[in-house]
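Source file input-v7.txt; content: compact mmCIF, C-alpha atoms and all ligand atoms.
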# COMPACT_ATOMS: atom_id res chain seq x y z
CA MET Y 1 12.86 -8.65 16.54
CA ILE Y 2 9.80 -10.80 17.27
CA ASN Y 3 7.01 -9.40 19.36
CA ALA Y 4 6.43 -12.43 21.55
CA LYS Y 5 2.94 -11.41 22.61
CA ARG Y 6 1.63 -10.86 19.12
CA GLY Y 7 3.84 -13.25 17.14
CA ILE Y 8 4.40 -10.71 14.36
CA PRO Y 9 7.93 -9.37 13.93
CA THR Y 10 8.43 -5.72 14.69
CA CYS Y 11 9.52 -3.77 11.64
CA PRO Y 12 12.21 -1.10 12.20
CA VAL Y 13 9.73 1.78 11.95
CA GLY Y 14 8.18 0.62 15.20
CA CYS Y 15 4.94 2.59 14.86
CA MET Y 16 3.23 2.67 18.24
CA TYR Y 17 -0.09 2.04 16.46
CA CYS Y 18 1.34 -0.73 14.20
CA MET Y 19 -1.42 -2.20 12.08
CA ALA Y 20 0.42 -5.51 11.74
CA GLN Y 21 0.79 -6.03 15.48
CA LYS Y 22 -1.91 -4.09 17.25
CA ILE Y 23 -4.99 -4.47 15.08
CA ASP Y 24 -6.49 -7.83 15.96
CA ILE Y 25 -8.56 -8.26 12.79
CA ARG Y 26 -5.46 -7.71 10.62
CA LEU Y 27 -3.42 -10.13 12.69
CA ASP Y 28 -6.13 -12.78 12.39
CA TYR Y 29 -6.11 -12.48 8.59
CA TRP Y 30 -2.41 -13.16 8.23
CA LYS Y 31 -1.53 -15.39 11.16
CA ASP Y 32 -1.65 -18.79 9.51
CA VAL Y 33 -3.29 -18.38 6.16
CA SER Y 34 -2.45 -17.47 2.61
CA ARG Y 35 0.02 -14.67 1.89
CA ILE Y 36 -2.01 -13.53 -1.10
CA GLY Y 37 -4.63 -10.84 -0.80
CA MET Y 38 -7.05 -9.10 -3.11
CA ASN Y 39 -8.77 -5.77 -2.67
CA LYS Y 40 -10.42 -3.21 -4.94
CA SER Y 41 -7.03 -1.73 -5.91
CA CYS Y 42 -4.80 -4.70 -6.53
CA THR Y 43 -3.73 -8.22 -5.78
CA PHE Y 44 -0.93 -8.22 -3.26
CA PHE Y 45 1.68 -10.64 -2.03
CA ASN Y 46 2.82 -10.58 1.55
CA ARG Y 47 5.70 -12.18 3.31
CA LEU Y 48 6.34 -12.21 7.01
CA PRO Y 49 10.04 -12.13 7.94
CA GLN Y 50 9.92 -15.72 9.20
CA ASP Y 51 8.42 -16.94 5.89
CA PRO Y 52 10.73 -18.33 3.19
CA PRO Y 53 11.94 -15.82 0.57
CA LEU Y 54 9.31 -14.96 -2.03
CA SER Y 55 11.27 -16.97 -4.61
CA GLN Y 56 10.61 -20.11 -2.55
CA MET Y 57 6.96 -19.38 -1.86
CA ASN Y 58 4.50 -21.01 -4.17
CA LEU Y 59 2.90 -17.81 -5.50
CA PRO Y 60 0.62 -17.88 -8.55
CA TRP Y 61 2.58 -15.55 -10.83
CA ASN Y 62 0.84 -17.12 -13.83
CA LEU Y 63 -2.53 -15.71 -12.72
CA LEU Y 64 -1.60 -12.02 -12.81
CA GLU Y 65 -2.07 -11.03 -16.43
CA GLY Y 66 -3.02 -7.35 -16.69
CA GLU Y 67 -3.04 -7.05 -12.89
CA TYR Y 68 -1.86 -4.35 -10.49
CA LEU Y 69 0.37 -5.99 -7.89
CA GLY Y 70 1.18 -4.78 -4.39
CA PHE Y 71 3.98 -5.91 -2.11
CA GLN Y 72 4.19 -4.60 1.42
CA GLY Y 73 5.56 -7.60 3.24
CA ILE Y 74 2.78 -7.13 5.87
CA THR Y 75 5.52 -5.15 7.60
CA ASP Y 76 7.46 -2.79 5.27
CA CYS Y 77 8.70 -3.52 1.73
CA PHE Y 78 11.88 -1.42 2.18
CA TRP Y 79 13.01 -3.24 5.32
CA ASP Y 80 16.45 -4.34 4.14
CA ILE Y 81 15.72 -8.01 4.87
CA PHE Y 82 13.39 -7.90 1.85
CA LYS Y 83 16.01 -6.77 -0.70
CA GLU Y 84 16.26 -10.19 -2.33
CA ASP Y 85 12.48 -10.30 -2.54
CA LEU Y 86 12.48 -6.94 -4.32
CA LYS Y 87 15.00 -8.25 -6.87
CA TYR Y 88 12.84 -11.30 -7.43
CA ILE Y 89 9.65 -9.25 -7.88
CA VAL Y 90 11.33 -6.88 -10.31
CA GLU Y 91 12.36 -9.80 -12.53
CA LYS Y 92 8.83 -11.18 -12.44
CA VAL Y 93 7.20 -7.82 -13.20
CA LYS Y 94 9.71 -7.00 -15.96
CA ASN Y 95 9.04 -10.26 -17.78
CA SER Y 96 5.26 -10.37 -17.49
CA ASN Y 97 2.03 -8.61 -18.35
CA ILE Y 98 1.67 -7.35 -14.78
CA ARG Y 99 0.52 -3.78 -15.29
CA LYS Y 100 2.04 -1.97 -12.30
CA LEU Y 101 3.83 -2.77 -9.07
CA CYS Y 102 2.71 -0.67 -6.10
CA LEU Y 103 4.95 -0.36 -3.05
CA ILE Y 104 4.03 1.44 0.17
CA SER Y 105 6.64 2.25 2.79
CA LYS Y 106 7.71 4.34 5.75
CA ILE Y 107 11.41 3.38 5.52
CA PRO Y 108 13.62 5.83 3.61
CA ILE Y 109 14.79 4.20 0.38
CA ASP Y 110 18.50 3.59 -0.19
CA ASP Y 111 20.53 3.69 -3.42
CA GLU Y 112 20.69 -0.09 -3.69
CA GLN Y 113 16.90 -0.35 -3.54
CA ILE Y 114 16.55 2.35 -6.20
CA ASN Y 115 18.96 0.48 -8.47
CA ILE Y 116 17.03 -2.74 -7.94
CA LEU Y 117 13.78 -1.02 -8.94
CA LEU Y 118 14.96 1.13 -11.86
CA PRO Y 119 14.53 -1.59 -14.55
CA ILE Y 120 10.75 -1.42 -14.01
CA LYS Y 121 10.46 2.31 -13.29
CA GLU Y 122 7.66 2.78 -15.82
CA LYS Y 123 5.66 -0.01 -14.20
CA LEU Y 124 6.18 1.26 -10.68
CA ILE Y 125 4.31 3.44 -8.17
CA ILE Y 126 5.99 4.06 -4.82
CA CYS Y 127 3.79 5.48 -2.07
CA TYR Y 128 5.15 6.82 1.19
CA SER Y 129 2.97 7.17 4.25
CA ILE Y 130 3.40 10.77 5.32
CA THR Y 131 1.73 10.86 8.70
CA GLY Y 132 3.05 13.83 10.68
CA LEU Y 133 3.35 11.43 13.64
CA ASN Y 134 7.09 11.68 14.28
CA ASP Y 135 6.74 11.06 18.02
CA LEU Y 136 5.02 7.72 17.35
CA GLU Y 137 7.38 6.38 14.66
CA LYS Y 138 11.13 5.83 14.30
CA THR Y 139 11.43 7.40 10.85
CA THR Y 140 10.15 10.90 10.22
CA SER Y 141 7.67 12.26 7.70
CA GLU Y 142 10.39 14.69 6.55
CA GLU Y 143 12.71 11.75 5.72
CA ARG Y 144 9.91 10.09 3.78
CA ILE Y 145 9.21 13.26 1.77
CA ASP Y 146 12.95 13.33 0.95
CA SER Y 147 12.60 9.74 -0.28
CA LEU Y 148 9.65 10.70 -2.48
CA VAL Y 149 11.69 13.56 -3.96
CA LYS Y 150 14.62 11.22 -4.61
CA ILE Y 151 12.42 8.56 -6.22
CA ARG Y 152 10.74 11.16 -8.42
CA SER Y 153 14.16 12.43 -9.61
CA PHE Y 154 14.66 8.98 -11.22
CA GLY Y 155 11.38 9.28 -13.13
CA ILE Y 156 9.49 6.91 -10.82
CA ASP Y 157 5.88 7.75 -9.93
CA ALA Y 158 6.11 8.91 -6.28
CA PHE Y 159 2.85 9.34 -4.40
CA PRO Y 160 2.31 10.66 -0.84
CA VAL Y 161 -0.37 8.97 1.25
CA ILE Y 162 -1.35 10.59 4.55
CA HIS Y 163 -2.08 7.41 6.44
CA PRO Y 164 -3.03 7.15 9.20
CA TYR Y 165 -4.40 10.67 9.63
CA ILE Y 166 -5.16 11.46 13.29
CA HIS Y 167 -7.30 14.58 13.41
CA GLY Y 168 -6.43 17.06 16.14
CA TYR Y 169 -3.00 15.50 16.75
CA CYS Y 170 -1.17 15.51 13.41
CA ASP Y 171 0.02 18.98 12.27
CA ILE Y 172 -1.45 18.40 8.84
CA GLU Y 173 -0.99 21.98 7.65
CA LYS Y 174 2.76 21.55 8.10
CA ILE Y 175 2.61 18.34 6.02
CA MET Y 176 0.62 19.98 3.21
CA ARG Y 177 3.01 22.95 3.23
CA LEU Y 178 5.98 20.60 2.92
CA LEU Y 179 4.36 18.66 0.08
CA ASN Y 180 3.60 21.92 -1.74
CA LYS Y 181 7.14 23.22 -1.16
CA ASN Y 182 8.47 20.02 -2.72
CA ASN Y 183 6.15 20.39 -5.69
CA PHE Y 184 3.82 17.45 -5.02
CA LYS Y 185 0.46 17.94 -6.75
CA ASP Y 186 -1.30 14.72 -5.74
CA VAL Y 187 -2.12 13.13 -2.43
CA ASN Y 188 -4.31 10.51 -0.77
CA TRP Y 189 -5.39 10.38 2.87
CA LYS Y 190 -6.95 7.71 5.00
CA GLY Y 191 -8.19 7.45 8.55
CA PHE Y 192 -6.96 5.61 11.62
CA ARG Y 193 -7.73 2.18 13.08
CA TYR Y 194 -7.61 2.25 16.86
CA ASN Y 195 -7.57 -0.57 19.39
CA GLN Y 196 -7.68 0.99 22.85
CA ASN Y 197 -6.46 -2.19 24.59
CA ASN Y 198 -3.45 -2.83 22.38
CA MET Y 199 -2.47 0.84 21.95
CA LYS Y 200 -2.41 2.09 25.54
CA VAL Y 201 0.98 3.67 24.87
CA LEU Y 202 -0.74 6.28 22.68
CA GLU Y 203 -2.41 7.75 25.76
CA LYS Y 204 0.96 9.23 26.72
CA TYR Y 205 1.02 11.25 23.52
CA ILE Y 206 -2.54 11.87 22.33
CA LYS Y 207 -5.34 13.43 24.38
CA LYS Y 208 -8.05 11.07 25.56
CA ASP Y 209 -10.85 12.98 23.81
CA ILE Y 210 -9.04 12.66 20.49
CA LEU Y 211 -8.43 8.94 20.88
CA GLU Y 212 -12.02 8.29 21.97
CA GLN Y 213 -13.29 9.55 18.62
CA TYR Y 214 -11.54 6.62 16.97
CA ILE Y 215 -13.13 3.88 19.06
CA GLY Y 216 -16.25 3.91 16.87
CA ASN Y 217 -18.16 0.64 17.25
CA GLY Y 218 -15.12 -0.96 18.89
CA LYS Y 219 -14.45 -3.16 15.83
CA GLU Y 220 -11.19 -1.49 14.76
CA GLU Y 221 -12.79 0.15 11.73
CA GLU Y 222 -10.76 2.74 9.93
CA ILE Y 223 -12.25 6.11 10.88
CA LEU Y 224 -11.54 9.29 8.96
CA ILE Y 225 -12.24 12.50 10.87
CA GLY Y 226 -11.60 15.96 9.44
CA ASP Y 227 -12.16 15.23 5.76
CA ASP Y 228 -13.48 18.78 5.11
CA TYR Y 229 -10.47 20.30 6.82
CA LEU Y 230 -8.12 18.11 4.77
CA ASN Y 231 -9.88 19.13 1.57
CA ARG Y 232 -9.64 22.83 2.46
CA LEU Y 233 -5.92 22.50 3.14
CA ALA Y 234 -5.34 20.52 -0.04
CA ASN Y 235 -7.06 23.29 -2.03
CA LYS Y 236 -5.05 25.95 -0.24
CA TYR Y 237 -1.80 24.18 -1.15
CA LYS Y 238 -2.96 23.25 -4.67
CA ILE Y 239 -2.76 19.51 -4.10
CA LYS Y 240 -5.32 17.15 -5.61
CA PHE Y 241 -6.89 14.37 -3.54
CA TRP Y 242 -6.97 10.98 -5.28
CA ASP Y 243 -8.65 7.80 -4.26
CA LEU Y 244 -5.69 5.38 -4.12
CA LYS Y 245 -7.43 2.95 -6.46
CA GLU Y 246 -8.05 5.65 -9.07
CA TYR Y 247 -4.48 6.89 -8.84
CA LEU Y 248 -3.13 3.39 -9.29
CA HIS Y 249 -5.42 2.60 -12.23
CA LYS Y 250 -5.14 5.93 -14.01
CA GLU Y 251 -4.71 5.18 -17.66
CA ASP Y 252 -1.47 6.20 -19.26
CA LYS Y 253 0.77 4.91 -22.00
CA TYR Y 254 2.69 2.86 -19.45
CA ASN Y 255 -0.17 0.75 -18.20
CA LYS Y 256 -1.66 0.14 -21.62
CA LEU Y 257 -1.56 -3.57 -22.36
CA ILE Y 258 -1.16 -4.97 -25.88
CA VAL Y 259 -2.30 -8.57 -26.21
CA ASN Y 260 -2.11 -10.91 -29.16
CA CYS Y 261 -5.59 -12.36 -29.13
CA GLU Y 262 -9.22 -11.41 -29.59
CA GLN Y 263 -11.10 -9.45 -26.96
CA GLN Y 264 -13.52 -12.26 -26.07
CA GLU Y 265 -10.69 -14.75 -25.71
CA TYR Y 266 -8.76 -12.37 -23.45
CA ILE Y 267 -11.79 -11.66 -21.24
CA LYS Y 268 -12.49 -15.38 -20.90
CA LYS Y 269 -8.88 -16.03 -19.90
CA ILE Y 270 -8.91 -13.22 -17.34
CA LYS Y 271 -12.12 -14.47 -15.74
CA ILE Y 272 -10.60 -17.94 -15.36
CA GLN Y 273 -7.39 -16.51 -13.88
CA VAL Y 274 -9.22 -14.27 -11.41
CA GLY Y 275 -11.47 -17.16 -10.35
CA GLU Y 276 -8.44 -19.35 -9.69
CA LEU Y 277 -6.63 -16.57 -7.88
CA ALA Y 278 -9.65 -15.76 -5.69
CA LYS Y 279 -9.60 -19.31 -4.31
CA GLN Y 280 -6.11 -18.65 -2.91
CA CYS Y 281 -6.69 -15.11 -1.60
CA VAL Y 282 -7.45 -13.52 1.71
CA PHE Y 283 -10.07 -10.77 1.36
CA SER Y 284 -8.95 -8.34 4.03
CA THR Y 285 -11.33 -5.58 3.04
CA SER Y 286 -14.79 -4.55 4.19
CA ALA Y 287 -16.02 -4.65 0.57
CA LYS Y 288 -18.09 -7.61 -0.62
CA LYS Y 289 -15.99 -10.43 -2.03
CA THR Y 290 -18.03 -10.54 -5.26
CA ASP Y 291 -17.44 -6.80 -5.79
CA VAL Y 292 -13.71 -7.22 -5.22
CA ILE Y 293 -13.56 -10.03 -7.78
CA GLU Y 294 -15.60 -8.08 -10.33
CA ASN Y 295 -13.34 -5.09 -9.80
CA CYS Y 296 -10.29 -7.27 -10.36
CA ILE Y 297 -11.66 -8.49 -13.70
CA ASN Y 298 -12.63 -4.97 -14.81
CA ARG Y 299 -9.24 -3.40 -14.08
CA ARG Y 300 -7.51 -6.18 -16.00
CA ILE Y 301 -9.61 -5.74 -19.12
CA ALA Y 302 -9.41 -1.92 -19.14
CA ASN Y 303 -6.92 -0.07 -21.38
CA VAL Y 304 -6.11 -3.14 -23.50
CA GLU Y 305 -5.27 -3.05 -27.21
CA PHE Y 306 -5.93 -6.25 -29.15
CA ASN Y 307 -3.24 -6.95 -31.70
CA ILE Y 308 -4.72 -9.58 -34.01
S1 LIG P 401 5.66 0.62 9.12
FE1 LIG P 401 3.84 -0.66 9.13
S2 LIG P 401 4.56 -2.64 9.81
FE2 LIG P 401 6.16 -1.19 10.34
S3 LIG P 401 5.70 -0.61 12.44
FE3 LIG P 401 4.68 0.87 11.11
S4 LIG P 401 2.59 0.12 10.81
FE4 LIG P 401 3.87 -1.57 11.63
How does the structure come out when it is put into structure tokens?
Amino acid sequence: MINAKRGIPTCPVGCMYCMAQKIDIRLDYWKDVSRIGMNKSCTFFNRLPQDPPLSQMNLPWNLLEGEYLGFQGITDCFWDIFKEDLKYIVEKVKNSNIRKLCLISKIPIDDEQINILLPIKEKLIICYSITGLNDLEKTTSEERIDSLVKIRSFGIDAFPVIHPYIHGYCDIEKIMRLLNKNNFKDVNWKGFRYNQNNMKVLEKYIKKDILEQYIGNGKEEEILIGDDYLNRLANKYKIKFWDLKEYLHKEDKYNKLIVNCEQQEYIKKIKIQVGELAKQCVFSTSAKKTDVIENCINRRIANVEFNI
């Protein structure tokens, strides 16, 4: 379904606060330009439903050595229209030095998707947004926790991300209790981007004084309220907070890269690749572009063994 007013297709989750449709700055980034983005965590490829399949898009797979790759499809990576894209990405990741593939979803995973992803299970992190906002979304946080449990049972790294967190509306203690009951030890949380003009529907569900806290400077910044409360609950339920970037880059035997050249040669090659890639990227983050590029180089040269 295409949202005629916004021009971005509506994904089946239909979040009333949809970041793809209702946040103007996000929409502006992706409307006509590149489908490649870079942030402090990863390089990511996007595809809008009306775009050609990823296999027919001219993406720079040759510039991703040692990289962490994200695919969210601007909408949701587990929307079933993206199954062929998932197959294509898995082949690319399997046969390359891409370090990890990171997927973030709100759509419960099905058996076919799990089978597609299993060949790269050691190079994979699947995050589910666990929001506690069932009235505002067409899939529930409980279904997403079930998906995390299922994914984990196949030995895939399954990571809950409380995003967006709306303080005073989301029953976050219930979410933490559920995560603890299902033996999750790690979590990330992030705030909420609010556009009062595009999200009028939220006023039917969330009290005005809660929504007003998220207006901030009116520039749709992500605002996190209640961080202390979240930390107290995480401690109570024995769950560790991780910065998403640190969780993704945590060094383990699976993301160690073995390369057949000298260190200086590898670093030189990575700098050239990142420079080339940066020319094709959208920088959709508030961080400085130079910092994002430096970060990209550093994560690619970390945890490398030189086999010469
Ligand atoms: S899952 Fe993402 S893309 Fe889909 S409706 Fe929700 S915010 Fe929008």
Anything within 8 Å of (-8.3, 1.0, -5.8): list those residues as a compact mmCIF listing (two decimals) with C-alpha atoms, in the frame of the given file, counting all atoms listed in the file and sticking to the file's coordinates.
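Ended up saving to result_35.txt:
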# COMPACT_ATOMS: atom_id res chain seq x y z
CA ASN Y 39 -8.77 -5.77 -2.67
CA LYS Y 40 -10.42 -3.21 -4.94
CA SER Y 41 -7.03 -1.73 -5.91
CA CYS Y 42 -4.80 -4.70 -6.53
CA ASP Y 243 -8.65 7.80 -4.26
CA LEU Y 244 -5.69 5.38 -4.12
CA LYS Y 245 -7.43 2.95 -6.46
CA GLU Y 246 -8.05 5.65 -9.07
CA TYR Y 247 -4.48 6.89 -8.84
CA LEU Y 248 -3.13 3.39 -9.29
CA HIS Y 249 -5.42 2.60 -12.23
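Interatomic distance, CA of Asn134 in chain Y against CA of Tyr17 in chain Y: 12.2 Å.
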Option closest in space to ligand LIG 401 (chain P), from Y:Ala20, Y:Leu69, Y:Ile120, Y:Leu64 [counting only C-alpha atoms and all ligand atoms]: Y:Ala20
Kindly provide, as AutoDock Vina command-line options, the centre and edge lengths (Å, one decimal) of an axis-aligned box around all atoms of ligand LIG 401 (chain P) given in the file, with 3 Å on each side.
--center_x 4.4 --center_y -0.9 --center_z 10.8 --size_x 9.6 --size_y 9.5 --size_z 9.3
One number please: CA of Lys240 in chain Y to CA of Ile162 in chain Y, in Å, one decimal.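 Distance between the two atoms: 12.7 Å.
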Would you name the residues within 8 Å of ligand LIG 401 (chain P), counting only C-alpha atoms and all ligand atoms, and put them as a list in words?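 Protein and nucleic-acid residues within 8 Å of ligand LIG 401 (chain P): Thr10, Cys11, Pro12, Val13, Gly14, Cys15, Met16, Tyr17, Cys18, Met19, Ala20, Gln21, Ile74, Thr75, Asp76, Ser105, Lys106, Ile107 and Glu137 of chain Y.
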Taking all atoms listed in the file into account, name the residue in Y:Lys185, Y:Arg299, Y:Lys250, Y:Arg193 that is nearest to Ile25 in chain Y.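 Counting all atoms listed in the file, the residue closest to Ile25 in chain Y is Y:Arg193.
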Find the spatial neighbours of Ile258 in chain Y, counting only C-alpha atoms, within a cut-off of 7 Å - ignore same-chain residues fewer than 6 positions away - and output them as number ranges by chain. Y: 304-307
Need the shell around range 58-61 of chain Y: protein/DNA/RNA residues with any atom at most 12 Å away, counting only C-alpha atoms. Skip same-chain ones fewer than 3 positions apart. Format as a VMD selection string? chain Y and resid 34 to 37 43 to 47 51 to 55 64 to 67 69 88 to 89 91 to 93 95 to 98 273 to 274 276 to 281
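Interatomic distance, CA of His167 in chain Y to CA of Lys181 in chain Y: 22.3 Å.
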Spatial neighbours of Leu179 in chain Y, max dist 10 Å, only C-alpha atoms, sep filter under 6 positions, as a PyMOL selection string: chain Y and resi 130+142+145+148-149+160+173+185-187+234+237-239
Residues at most 12 Å from Phe78 in chain Y, counting only C-alpha atoms, excluding those fewer than 6 positions away in the same chain, as number ranges by chain? Y: 11-13, 71-72, 84-87, 103-114, 116-117, 126-128, 144, 147
